[in-house]
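Colleague: So I've got this file, run-v4.txt, and it contains compact mmCIF, C-alpha atoms and all ligand atoms:
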# COMPACT_ATOMS: atom_id res chain seq x y z
CA MET G 125 16.65 53.58 6.99
CA GLY G 126 19.41 54.69 4.66
CA SER G 127 20.01 53.65 1.11
CA ARG G 128 21.39 50.11 0.67
CA GLU G 129 24.79 49.47 -0.86
CA ARG G 130 24.44 48.57 -4.55
CA ILE G 131 24.64 44.88 -5.45
CA LYS G 132 27.59 44.24 -7.80
CA LYS G 133 26.90 43.69 -11.50
CA GLY G 134 26.23 40.09 -12.46
CA PHE G 135 23.89 39.18 -9.60
CA SER G 136 21.56 37.33 -11.94
CA LYS G 137 24.48 35.12 -13.10
CA LEU G 138 25.30 33.95 -9.57
CA LEU G 139 24.27 30.52 -8.31
CA LYS G 140 21.19 30.54 -6.10
CA GLU G 141 23.26 29.84 -2.98
CA GLU G 142 25.57 32.76 -3.84
CA LYS G 143 22.60 35.07 -4.38
CA LEU G 144 21.21 34.07 -1.01
CA LYS G 145 24.54 34.78 0.71
CA THR G 146 24.83 38.13 -1.06
CA ILE G 147 21.40 39.14 0.18
CA ALA G 148 21.96 37.73 3.67
CA ASN G 149 24.85 40.17 4.06
CA TYR G 150 22.32 42.96 4.15
CA PHE G 151 21.01 41.63 7.47
CA GLU G 152 22.39 41.91 10.95
CA ASN G 153 22.90 38.18 11.28
CA PRO G 154 23.65 36.77 7.80
CA GLY G 155 24.16 33.19 8.99
CA GLU G 156 20.76 33.12 10.64
CA VAL G 157 19.08 34.63 7.57
CA VAL G 158 20.67 32.05 5.26
CA SER G 159 19.37 29.25 7.51
CA LEU G 160 15.93 30.80 7.78
CA LEU G 161 15.49 31.38 4.07
CA LYS G 162 16.90 27.97 3.27
CA SER G 163 14.45 26.34 5.66
CA TYR G 164 11.73 27.37 3.19
CA TRP G 165 13.38 25.56 0.29
CA HIS G 166 11.46 22.50 -0.85
CA SER G 167 12.97 19.26 0.45
CA ASP G 168 12.71 17.77 -3.04
CA SER G 169 15.29 19.56 -5.19
CA LYS G 170 13.40 18.75 -8.40
CA GLN G 171 10.31 20.51 -7.04
CA GLN G 172 12.44 23.40 -5.86
CA LYS G 173 13.95 23.79 -9.33
CA LEU G 174 10.44 24.07 -10.72
CA PHE G 175 9.62 26.94 -8.37
CA ASP G 176 12.95 28.63 -9.02
CA GLU G 177 12.24 28.61 -12.72
CA PHE G 178 8.86 30.34 -12.38
CA SER G 179 10.73 33.58 -11.75
CA GLU G 180 14.21 35.10 -11.71
CA ASN G 181 16.76 35.70 -8.96
CA THR G 182 14.85 33.41 -6.61
CA ILE G 183 16.47 32.80 -3.24
CA THR G 184 13.65 31.07 -1.37
CA ASN G 185 9.89 30.43 -1.38
CA TYR G 186 7.33 32.67 0.24
CA ILE G 187 4.70 30.55 1.94
CA MET G 188 1.03 31.55 2.00
CA PRO G 189 -1.80 29.78 3.84
CA TYR G 190 -3.87 27.41 1.68
CA GLY G 191 -7.34 27.15 3.17
CA ILE G 192 -10.60 25.49 2.22
CA SER G 193 -14.12 26.82 2.04
CA PRO G 194 -16.22 23.67 2.20
CA ASN G 195 -19.59 23.09 0.56
CA VAL G 196 -20.16 26.00 -1.75
CA MET G 197 -23.32 25.39 -3.75
CA ILE G 198 -23.23 26.94 -7.23
CA ASN G 199 -25.95 26.18 -9.77
CA GLY G 200 -26.94 23.16 -7.69
CA LYS G 201 -23.42 21.72 -7.67
CA ASN G 202 -21.35 21.38 -4.50
CA TYR G 203 -17.77 22.65 -4.56
CA ILE G 204 -14.92 22.38 -2.07
CA VAL G 205 -13.07 25.61 -2.74
CA PRO G 206 -9.34 26.13 -2.15
CA MET G 207 -8.37 29.66 -1.13
CA VAL G 208 -4.84 31.03 -0.86
CA ILE G 209 -4.89 34.18 1.25
CA GLU G 210 -2.87 35.68 4.04
CA GLU G 211 -5.64 37.80 5.53
CA SER G 212 -7.23 36.21 8.57
CA SER G 213 -11.01 35.79 8.43
CA VAL G 214 -11.41 35.74 4.62
CA VAL G 215 -11.87 31.97 4.46
CA ALA G 216 -14.13 32.05 7.53
CA ALA G 217 -16.20 34.86 6.01
CA ALA G 218 -16.56 33.04 2.68
CA SER G 219 -17.49 29.81 4.42
CA ALA G 220 -20.09 31.48 6.64
CA ALA G 221 -21.75 33.07 3.58
CA ALA G 222 -21.57 29.77 1.68
CA LYS G 223 -23.35 28.03 4.57
CA PHE G 224 -25.96 30.81 4.85
CA TRP G 225 -26.76 30.79 1.12
CA GLY G 226 -26.44 27.02 0.87
CA GLU G 227 -29.57 26.91 3.04
CA ARG G 228 -31.31 29.40 0.72
CA GLY G 229 -30.88 27.81 -2.69
CA GLY G 230 -27.16 28.35 -3.08
CA PHE G 231 -25.39 30.66 -5.52
CA HIS G 232 -26.50 31.08 -9.11
CA ALA G 233 -23.99 31.96 -11.79
CA GLU G 234 -23.60 32.44 -15.53
CA VAL G 235 -20.97 33.57 -17.99
CA PRO G 236 -22.59 35.88 -20.55
CA ASP G 237 -19.51 36.10 -22.79
CA VAL G 238 -15.86 35.07 -23.00
CA ARG G 239 -14.34 37.51 -25.50
CA LYS G 240 -10.83 38.77 -24.86
CA VAL G 241 -9.10 41.57 -26.67
CA GLY G 242 -5.62 42.15 -28.07
CA GLN G 243 -4.21 45.23 -29.78
CA VAL G 244 -1.70 46.03 -32.48
CA HIS G 245 -0.73 49.67 -32.03
CA PHE G 246 0.83 50.99 -35.21
CA GLY G 247 1.81 54.14 -37.02
CA TRP G 248 0.99 54.69 -40.70
CA LYS G 249 1.09 57.87 -42.74
CA GLY G 250 -2.01 57.25 -44.87
CA SER G 251 -5.63 58.16 -44.19
CA MET G 252 -8.31 56.01 -42.55
CA GLU G 253 -10.13 55.82 -45.90
CA GLN G 254 -7.02 54.38 -47.58
CA LEU G 255 -6.56 51.95 -44.72
CA GLN G 256 -10.17 50.85 -44.92
CA THR G 257 -9.77 50.11 -48.61
CA LEU G 258 -6.76 47.93 -47.88
CA PHE G 259 -8.32 46.34 -44.80
CA PRO G 260 -9.97 43.25 -46.40
CA ALA G 261 -6.61 42.28 -47.91
CA ILE G 262 -4.79 43.06 -44.64
CA LYS G 263 -7.21 40.89 -42.70
CA GLU G 264 -6.79 38.00 -45.10
CA ARG G 265 -3.02 38.26 -44.79
CA LEU G 266 -3.09 38.40 -40.99
CA LEU G 267 -5.42 35.40 -40.69
CA GLY G 268 -3.43 33.42 -43.24
CA ASP G 269 -0.10 34.11 -41.55
CA THR G 270 -1.38 33.02 -38.13
CA ASP G 271 -3.26 29.97 -39.32
CA THR G 272 -0.71 27.55 -37.88
CA PHE G 273 -0.90 29.22 -34.45
CA THR G 274 -4.67 29.18 -34.34
CA THR G 275 -5.44 25.70 -35.69
CA ASN G 276 -5.51 24.01 -32.29
CA MET G 277 -7.52 26.77 -30.65
CA LYS G 278 -10.02 26.63 -33.54
CA LYS G 279 -10.35 22.87 -33.03
CA ARG G 280 -11.27 23.56 -29.40
CA GLY G 281 -13.94 26.02 -30.52
CA GLY G 282 -11.95 29.23 -30.10
CA GLY G 283 -9.52 31.38 -32.03
CA ILE G 284 -9.73 34.84 -33.58
CA LEU G 285 -13.30 36.16 -33.55
CA ASP G 286 -12.93 39.56 -35.12
CA ILE G 287 -10.40 42.17 -36.26
CA GLN G 288 -11.38 45.82 -36.23
CA LEU G 289 -9.58 48.94 -37.32
CA ARG G 290 -9.49 51.95 -35.02
CA ASP G 291 -8.48 55.46 -36.02
CA TYR G 292 -6.77 57.52 -33.29
CA THR G 293 -5.01 59.94 -35.63
CA ALA G 294 -6.98 62.88 -34.19
CA GLN G 295 -5.34 62.26 -30.80
CA ILE G 296 -1.90 60.99 -31.86
CA PRO G 297 -0.67 61.70 -35.43
CA ASP G 298 -0.60 58.61 -37.68
CA TYR G 299 -1.66 56.30 -34.84
CA TYR G 300 -3.99 53.43 -35.75
CA GLN G 301 -4.92 50.29 -33.94
CA LEU G 302 -6.00 46.79 -34.79
CA ARG G 303 -8.41 45.63 -32.12
CA VAL G 304 -8.58 41.86 -32.19
CA GLU G 305 -11.13 39.73 -30.36
CA PHE G 306 -10.32 36.20 -29.25
CA ASN G 307 -11.92 33.20 -27.64
CA THR G 308 -9.18 31.32 -25.81
CA CYS G 309 -11.40 28.47 -24.54
CA ASP G 310 -10.08 26.99 -21.30
CA SER G 311 -6.79 28.85 -21.32
CA MET G 312 -6.31 32.33 -19.90
CA GLY G 313 -4.82 32.92 -23.31
CA ALA G 314 -2.21 35.61 -22.70
CA ASN G 315 0.51 33.65 -24.52
CA PHE G 316 -1.74 32.67 -27.36
CA ILE G 317 -3.02 36.21 -27.86
CA ASN G 318 0.42 37.80 -27.65
CA THR G 319 1.94 35.28 -30.08
CA VAL G 320 -0.81 35.95 -32.62
CA LEU G 321 -0.51 39.71 -32.15
CA GLU G 322 3.26 39.72 -32.62
CA GLN G 323 2.81 37.81 -35.86
CA PHE G 324 0.12 40.30 -36.87
CA GLY G 325 2.67 43.05 -36.33
CA HIS G 326 5.26 41.39 -38.61
CA SER G 327 2.63 40.54 -41.20
CA LEU G 328 1.27 44.07 -41.23
CA GLN G 329 4.73 45.47 -41.89
CA ASP G 330 5.32 42.90 -44.63
CA PHE G 331 1.93 43.65 -46.17
CA PHE G 332 2.72 47.33 -46.60
CA SER G 333 6.32 46.85 -47.72
CA GLU G 334 5.20 44.39 -50.41
CA ARG G 335 2.55 46.77 -51.81
CA LEU G 336 4.64 48.19 -54.62
CA ASP G 337 1.55 50.04 -55.90
CA LEU G 338 1.63 52.30 -52.83
CA PRO G 339 3.75 55.47 -52.62
CA GLU G 340 7.09 54.88 -50.84
CA GLU G 341 5.90 56.63 -47.67
CA LEU G 342 2.88 54.34 -47.30
CA ARG G 343 4.93 51.18 -47.70
CA LYS G 344 6.28 51.74 -44.22
CA CYS G 345 4.37 50.93 -41.07
CA GLU G 346 5.70 51.38 -37.58
CA ILE G 347 4.65 48.68 -35.12
CA ILE G 348 4.61 50.59 -31.85
CA MET G 349 3.63 47.59 -29.75
CA THR G 350 1.43 44.50 -29.74
CA ILE G 351 -0.15 43.24 -26.54
CA LEU G 352 -3.33 41.76 -25.13
CA SER G 353 -5.64 44.06 -23.21
CA ASN G 354 -6.38 43.16 -19.61
CA ASN G 355 -9.62 45.04 -19.97
CA THR G 356 -12.02 42.13 -20.41
CA PRO G 357 -15.55 43.48 -19.97
CA ASP G 358 -16.80 40.90 -22.46
CA CYS G 359 -15.16 38.03 -20.63
CA ARG G 360 -17.50 38.39 -17.73
CA VAL G 361 -19.25 36.44 -15.02
CA LYS G 362 -22.43 37.10 -13.13
CA VAL G 363 -23.26 35.51 -9.79
CA TRP G 364 -26.20 36.10 -7.51
CA VAL G 365 -28.11 34.90 -4.48
CA GLU G 366 -31.75 35.56 -3.75
CA CYS G 367 -34.40 34.75 -1.20
CA PRO G 368 -37.66 36.11 0.22
CA VAL G 369 -36.80 38.89 2.69
CA GLU G 370 -38.31 36.85 5.54
CA GLN G 371 -35.41 34.46 5.15
CA LEU G 372 -33.15 37.27 6.39
CA ASN G 373 -34.97 37.26 9.75
CA GLY G 374 -32.54 36.86 12.61
CA ILE G 375 -29.47 38.41 10.95
CA ASP G 376 -30.02 41.49 13.05
CA GLU G 377 -31.80 40.83 16.31
CA HIS G 378 -33.39 44.30 16.26
CA LEU G 379 -34.67 44.19 12.66
CA THR G 380 -37.07 42.04 10.68
CA GLY G 381 -35.75 40.38 7.54
CA ALA G 382 -37.50 43.01 5.41
CA GLU G 383 -35.97 45.84 7.43
CA TYR G 384 -32.56 44.25 7.38
CA ALA G 385 -32.77 43.77 3.57
CA LEU G 386 -33.25 47.54 3.25
CA LYS G 387 -30.32 48.29 5.54
CA PHE G 388 -28.08 45.88 3.61
CA LYS G 389 -29.20 47.46 0.33
CA LYS G 390 -28.39 50.90 1.68
CA ALA G 391 -24.86 49.78 2.55
CA VAL G 392 -24.35 48.47 -0.98
CA ASP G 393 -25.98 51.55 -2.55
CA ILE G 394 -23.48 53.73 -0.68
CA ALA G 395 -20.71 51.89 -2.52
CA HIS G 396 -22.39 52.93 -5.78
CA ILE G 397 -22.33 56.63 -5.03
CA ASP G 398 -19.21 57.03 -2.91
CA THR G 399 -15.82 56.05 -4.34
CA ASP G 400 -14.08 55.88 -0.95
CA ARG G 401 -16.55 53.25 0.19
CA ALA G 402 -16.63 51.55 -3.24
CA THR G 403 -12.89 50.92 -3.09
CA THR G 404 -13.12 49.14 0.26
CA HIS G 405 -16.30 47.33 -0.75
CA ASN G 406 -14.67 45.99 -3.92
CA LYS G 407 -11.50 45.17 -2.01
CA GLY G 408 -13.65 42.86 0.10
CA ILE G 409 -14.96 41.25 -3.09
CA TYR G 410 -11.41 40.66 -4.33
CA ASN G 411 -10.47 39.11 -0.98
CA GLY G 412 -12.57 36.16 -2.12
CA ILE G 413 -11.83 36.27 -5.83
CA ASP G 414 -8.05 36.62 -5.55
CA ALA G 415 -7.82 33.75 -3.09
CA VAL G 416 -9.28 31.38 -5.69
CA VAL G 417 -7.35 32.98 -8.54
CA ILE G 418 -4.08 32.41 -6.67
CA ALA G 419 -5.00 28.90 -5.50
CA THR G 420 -5.60 27.88 -9.11
CA GLY G 421 -2.40 29.43 -10.50
CA ASN G 422 -4.16 32.28 -12.30
CA ASP G 423 -3.09 35.89 -12.71
CA PHE G 424 -4.69 37.93 -9.91
CA ARG G 425 -3.25 41.22 -11.19
CA ALA G 426 -5.00 40.72 -14.52
CA VAL G 427 -8.28 39.77 -12.85
CA GLU G 428 -8.15 42.74 -10.47
CA ALA G 429 -7.07 45.28 -13.09
CA ALA G 430 -10.03 44.30 -15.26
CA GLY G 431 -12.37 44.43 -12.28
CA HIS G 432 -11.39 47.93 -11.25
CA THR G 433 -11.73 49.17 -14.83
CA TYR G 434 -15.16 47.57 -15.03
CA ALA G 435 -16.10 49.21 -11.74
CA SER G 436 -15.40 52.57 -13.40
CA ARG G 437 -17.38 51.92 -16.57
CA ASN G 438 -20.05 54.52 -15.72
CA GLY G 439 -17.48 57.28 -15.33
CA ARG G 440 -17.16 56.83 -11.58
CA TYR G 441 -15.58 54.00 -9.58
CA GLU G 442 -18.50 52.01 -8.15
CA SER G 443 -19.43 48.82 -6.36
CA LEU G 444 -19.25 45.68 -8.47
CA SER G 445 -22.18 44.23 -6.55
CA THR G 446 -25.78 45.41 -6.42
CA VAL G 447 -28.87 44.71 -4.36
CA THR G 448 -32.45 44.75 -5.55
CA ILE G 449 -35.55 44.08 -3.50
CA THR G 450 -38.51 43.35 -5.73
CA ASP G 451 -41.84 41.87 -4.62
CA GLY G 452 -40.31 40.81 -1.33
CA ILE G 453 -37.35 39.06 -2.96
CA PHE G 454 -33.88 40.14 -1.88
CA ARG G 455 -31.32 39.68 -4.66
CA PHE G 456 -27.60 40.31 -4.24
CA GLU G 457 -25.60 40.18 -7.43
CA LEU G 458 -22.01 40.56 -8.55
CA GLU G 459 -20.92 41.08 -12.13
CA ALA G 460 -17.22 41.18 -12.90
CA PRO G 461 -14.84 40.57 -15.77
CA MET G 462 -12.58 37.62 -15.20
CA ALA G 463 -9.91 36.20 -17.47
CA MET G 464 -9.07 32.82 -15.98
CA GLY G 465 -7.77 29.56 -17.35
CA THR G 466 -7.78 25.93 -16.34
CA VAL G 467 -5.16 24.78 -18.83
CA GLY G 468 -1.72 26.11 -19.65
CA GLY G 469 0.52 28.47 -17.73
CA LEU G 470 0.95 27.96 -14.02
CA THR G 471 -2.34 26.02 -13.82
CA SER G 472 -0.58 22.96 -15.17
CA LEU G 473 2.89 23.68 -13.75
CA HIS G 474 2.32 24.58 -10.11
CA PRO G 475 1.66 21.30 -8.28
CA LEU G 476 -0.78 22.97 -5.87
CA ALA G 477 -2.63 24.82 -8.63
CA LYS G 478 -3.13 21.46 -10.31
CA LYS G 479 -4.43 19.97 -7.07
CA SER G 480 -6.76 22.95 -6.55
CA LEU G 481 -8.30 22.34 -9.95
CA GLU G 482 -8.64 18.64 -9.18
CA LEU G 483 -10.34 19.48 -5.87
CA LEU G 484 -12.76 21.69 -7.79
CA GLY G 485 -13.55 18.75 -10.07
CA ASN G 486 -11.36 19.93 -12.96
CA PRO G 487 -13.68 22.76 -14.01
CA THR G 488 -13.77 24.49 -17.37
CA ALA G 489 -12.50 28.07 -17.42
CA GLN G 490 -16.10 29.32 -17.40
CA GLU G 491 -16.92 27.19 -14.36
CA LEU G 492 -13.81 28.47 -12.60
CA MET G 493 -14.85 32.06 -13.34
CA MET G 494 -18.18 31.30 -11.65
CA ILE G 495 -16.47 29.74 -8.62
CA ALA G 496 -14.08 32.67 -8.13
CA ALA G 497 -16.88 35.21 -8.54
CA THR G 498 -18.99 33.27 -6.05
CA MET G 499 -16.27 33.53 -3.44
CA GLY G 500 -16.14 37.26 -4.19
CA LEU G 501 -19.87 37.64 -3.61
CA ALA G 502 -19.68 35.38 -0.53
CA ASN G 503 -16.95 37.54 1.03
CA ASN G 504 -18.81 40.70 0.09
CA PHE G 505 -21.97 39.37 1.73
CA SER G 506 -20.18 38.45 4.96
CA ALA G 507 -18.31 41.77 5.08
CA VAL G 508 -21.42 43.91 4.54
CA ARG G 509 -23.41 41.71 6.91
CA SER G 510 -20.80 42.17 9.66
CA LEU G 511 -20.46 45.89 8.96
CA THR G 512 -24.21 46.44 9.17
CA THR G 513 -24.63 44.38 12.34
CA LYS G 514 -21.91 43.82 14.91
CA GLY G 515 -19.01 45.40 13.00
CA ILE G 516 -16.02 43.53 11.62
CA GLN G 517 -13.63 43.97 14.50
CA GLU G 518 -15.10 41.17 16.60
CA GLY G 519 -14.29 38.51 14.00
CA HIS G 520 -11.08 40.18 12.88
CA MET G 521 -9.85 40.56 16.42
CA LYS G 522 -10.22 36.85 17.12
CA MET G 523 -7.82 36.13 14.26
CA HIS G 524 -5.68 39.10 15.16
CA LEU G 525 -5.34 37.78 18.71
CA ASN G 526 -4.16 34.48 17.31
CA ASN G 527 -1.53 36.23 15.17
CA ILE G 528 -0.29 38.26 18.14
CA LEU G 529 -0.14 35.14 20.31
CA ASN G 530 1.91 33.40 17.65
CA GLN G 531 4.21 36.38 17.29
CA LEU G 532 4.75 36.34 21.06
CA GLN G 533 5.36 32.58 20.91
CA ALA G 534 2.63 31.80 23.42
CA SER G 535 2.22 28.17 24.46
CA GLU G 536 -1.03 26.35 23.63
CA ASP G 537 -2.13 26.64 27.28
CA ASP G 538 -1.42 30.38 27.35
CA LYS G 539 -3.32 30.80 24.07
CA ARG G 540 -6.37 29.14 25.55
CA LEU G 541 -6.23 31.40 28.60
CA ALA G 542 -5.72 34.49 26.42
CA ARG G 543 -8.68 33.65 24.16
CA ASP G 544 -10.86 33.30 27.21
CA TYR G 545 -9.54 36.50 28.81
CA PHE G 546 -9.94 38.61 25.66
CA LYS G 547 -13.50 37.42 24.92
CA ASP G 548 -14.90 40.70 26.25
CA LYS G 549 -11.79 42.92 26.05
CA THR G 550 -10.13 44.99 23.36
CA VAL G 551 -7.22 43.21 21.71
CA SER G 552 -3.97 45.07 21.16
CA TYR G 553 -0.37 43.91 20.93
CA ALA G 554 0.50 45.67 24.19
CA ALA G 555 -2.51 44.26 26.02
CA VAL G 556 -1.74 40.71 24.90
CA GLU G 557 1.92 41.09 25.79
CA GLN G 558 0.97 42.35 29.22
CA PHE G 559 -1.47 39.48 29.72
CA LEU G 560 1.19 36.89 28.84
CA GLN G 561 3.66 38.57 31.16
CA SER G 562 1.13 38.42 33.97
CA LEU G 563 0.75 34.68 33.36
CA ARG G 564 4.48 34.16 33.49
CA LYS G 565 4.85 35.97 36.78
C1 LIG O 1 -11.25 43.77 4.69
O1 LIG O 1 -10.22 43.05 4.08
C2 LIG O 1 -12.43 43.88 3.76
C3 LIG O 1 -13.57 44.77 4.25
O2 LIG O 1 -13.07 46.05 4.60
C4 LIG O 1 -14.54 44.88 3.09
C5 LIG O 1 -15.65 45.88 3.30
O3 LIG O 1 -15.46 46.84 4.04
O4 LIG O 1 -16.70 45.68 2.66
C6 LIG O 1 -14.22 44.19 5.46
Any chance you could give the structure as structure tokens?
Ligand code: MEV

Modeller:
Amino acid sequence: MGSRERIKKGFSKLLKEEKLKTIANYFENPGEVVSLLKSYWHSDSKQQKLFDEFSENTITNYIMPYGISPNVMINGKNYIVPMVIEESSVVAAASAAAKFWGERGGFHAEVPDVRKVGQVHFGWKGSMEQLQTLFPAIKERLLGDTDTFTTNMKKRGGGILDIQLRDYTAQIPDYYQLRVEFNTCDSMGANFINTVLEQFGHSLQDFFSERLDLPEELRKCEIIMTILSNNTPDCRVKVWVECPVEQLNGIDEHLTGAEYALKFKKAVDIAHIDTDRATTHNKGIYNGIDAVVIATGNDFRAVEAAGHTYASRNGRYESLSTVTITDGIFRFELEAPMAMGTVGGLTSLHPLAKKSLELLGNPTAQELMMIAATMGLANNFSAVRSLTTKGIQEGHMKMHLNNILNQLQASEDDKRLARDYFKDKTVSYAAVEQFLQSLRK
């Protein structure tokens, strides 16, 4: 494919319909593309406007499947979990694990801490000792200047928890950092944190410029940038399942529960020592987590970025889940950072995110962290269970066959025949196409 002709300046100023037509001209059949993309517009123009305003240069909506994993037992409470995911078999895998563990005491979860971090990166020509001397006064100024922004959060039990000074001048000349810790209660908190940090930046500059007792050079402070950190190791959730090894009897017809527990542990241990495996293993975890994060209007890039950083905390990228077998008890645990909210942002704007939260019983942010992590552990359990028994292709191929049949526009009768025919055969696009052709002959 060659390079595409440049779009003329001013694209963002065009009306949506004009943007769509401009883009349609890049296709072989522009008229058809306009109709197709328009067919995904919401029938209610008010609703459509809402979606259009979530982003820029929108020309249509991109639909994703919204599935349900029923009856997920977490800390003795039953949840009906919405999952938005395009990958076939993720919802089925999560549901199968939820059923399996539902019969073995369910999932157990806790949130050890909910601290989030923001940073003011700044340049200043003085020494760390001088800065430390000024720090109590700086802190007072920063807290005072952001009081109006933090009042509501404080009322809800959150706000600014701590401000620390970091000296990086050995690595980058004159570079210091304010590391600020926040509790953002039930909101993900990105807006709150960034608003406070930007004010911190202005206040820090004002503080220095107003210190007439300082030499001219030290009355200047360069604010390089202010931004939250998506690294949230202290906003973390832990979820686990456990049972006597005998309760794993039957998973593998050739192994006892105790033997199977060891095999399962080995598979997870491999993901602790081998990064290639760890990446796929954790990807399977995020299949479950992301689906809940998206369904509830949260930021899956933030959640994933934090997770992958956490997975590298020992200096090597490792599995986020672990298995222990102690005194005949099999325990499978996942610990992951997770910055999620149940108020503010898309959670209250996206009509389906709102409904997802309602379906979950309007959880607190901490409860939602536990639900998302549970679906991560559930998917991880099903994936490793399949991999260590019959392999994943059997389940995947069933869904894959469905997708191919849909692509080939098979009738419902043909689909039934194809499912039956491919029960004991390898599925491929060509094989399915050939099968359908043979039916049509
Ligand atoms: C596929 O989306 C996820 C798996 O590859 C995860 C894993 O290998 O553990 C099945």

Colleague: Residues within 12 Å of G:Thr450, please, as a short mmCIF file (atom, residue, chain, number, x, y, z; two decimals) with C-alpha atoms, in the frame of the given file. Count all atoms listed in the file; anything in the same chain fewer than 5 positions from it doesn't count.

Modeller:
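And here is the file that came out, result17.cif:
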data_model
loop_
_atom_site.label_atom_id
_atom_site.label_comp_id
_atom_site.auth_asym_id
_atom_site.auth_seq_id
_atom_site.Cartn_x
_atom_site.Cartn_y
_atom_site.Cartn_z
CA GLU G 366 -31.75 35.56 -3.75
CA CYS G 367 -34.40 34.75 -1.20
CA PRO G 368 -37.66 36.11 0.22
CA VAL G 369 -36.80 38.89 2.69
CA ALA G 382 -37.50 43.01 5.41
CA ALA G 385 -32.77 43.77 3.57
CA LEU G 386 -33.25 47.54 3.25
CA LYS G 389 -29.20 47.46 0.33
CA ARG G 455 -31.32 39.68 -4.66
CA PHE G 456 -27.60 40.31 -4.24
#

Colleague: Return the single residue from G:Ile409, G:Val417, G:Val447, G:Val551 that is closest to ligand LIG 1 (chain O), with distances computed using only C-alpha atoms and all ligand atoms.

Modeller: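 Nearest candidate to ligand LIG 1 (chain O) out of G:Ile409, G:Val417, G:Val447, G:Val551: G:Ile409.
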
Colleague: Restricting the calculation to only C-alpha atoms and all ligand atoms: of G:Leu258, G:Ile131, G:Val241, G:Ala395, which residue gets closest to ligand LIG 1 (chain O)?

Modeller: G:Ala395

Colleague: Would you work out the distance separating atom CA of G:Lys514 from atom CA of G:Lys407, expressed in Å to one decimal?

Modeller: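 We find that atom CA of G:Lys514 and atom CA of G:Lys407 lie 19.9 Å from each other.
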
Colleague: Determine, counting all atoms listed in the file, every residue of protein, DNA or RNA that lies within 8 Å of (-15.5, 39.7, -24.8) in the file coordinates, then give the result as a PDB file with C-alpha atoms, in the coordinates of the input.

Modeller:
ATOM      1  CA  ASP G 237     -19.510  36.100 -22.790  1.00  0.00           C
ATOM      2  CA  VAL G 238     -15.860  35.070 -23.000  1.00  0.00           C
ATOM      3  CA  ARG G 239     -14.340  37.510 -25.500  1.00  0.00           C
ATOM      4  CA  LYS G 240     -10.830  38.770 -24.860  1.00  0.00           C
ATOM      5  CA  VAL G 241      -9.100  41.570 -26.670  1.00  0.00           C
ATOM      6  CA  GLU G 305     -11.130  39.730 -30.360  1.00  0.00           C
ATOM      7  CA  PHE G 306     -10.320  36.200 -29.250  1.00  0.00           C
ATOM      8  CA  ASN G 307     -11.920  33.200 -27.640  1.00  0.00           C
ATOM      9  CA  THR G 356     -12.020  42.130 -20.410  1.00  0.00           C
ATOM     10  CA  PRO G 357     -15.550  43.480 -19.970  1.00  0.00           C
ATOM     11  CA  ASP G 358     -16.800  40.900 -22.460  1.00  0.00           C
ATOM     12  CA  CYS G 359     -15.160  38.030 -20.630  1.00  0.00           C
ATOM     13  CA  ARG G 360     -17.500  38.390 -17.730  1.00  0.00           C
TER      14      ARG G 360
END

Colleague: Which residues form the shell of 10 Å around ligand LIG 1 (chain O) when you count only C-alpha atoms and all ligand atoms, given as a ChimeraX atom specification?

Modeller: /G:211-214,217,391-392,395,401-412,443,503-512,515-517,520

Colleague: With distances taken over only C-alpha atoms, which residue among G:Ser353, G:Gln171, G:Asn276, G:Gln243 lies nearest G:Leu302?

Modeller: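 Ranking G:Ser353, G:Gln171, G:Asn276, G:Gln243 by distance to G:Leu302, first place goes to G:Gln243.
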
Colleague: Of the candidates G:Gly268, G:Met521, G:Gly465, G:Thr182, which one gets nearest to G:Ser136 if we count all atoms listed in the file?

Modeller: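 Ranked by minimum distance to G:Ser136, first place goes to G:Thr182.
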
Colleague: Any idea what the distance is between atom CA of G:Met493 and atom CA of G:Ala463?

Modeller: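 Between these atoms lies a distance of 7.7 Å.
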
Colleague: What is the distance, in Å and to one decimal place, between atom CA of G:Leu379 and atom CA of G:Phe224?

Modeller: 17.8 Å

Colleague: Got a sec: who's within 8 Å of G:Ile183, counting all atoms listed in the file, leaving out chain neighbours fewer than 4 positions off, as a list of chain:residue names?

Modeller: G:Lys140, G:Glu141, G:Lys143, G:Leu144, G:Leu161, G:Asp176
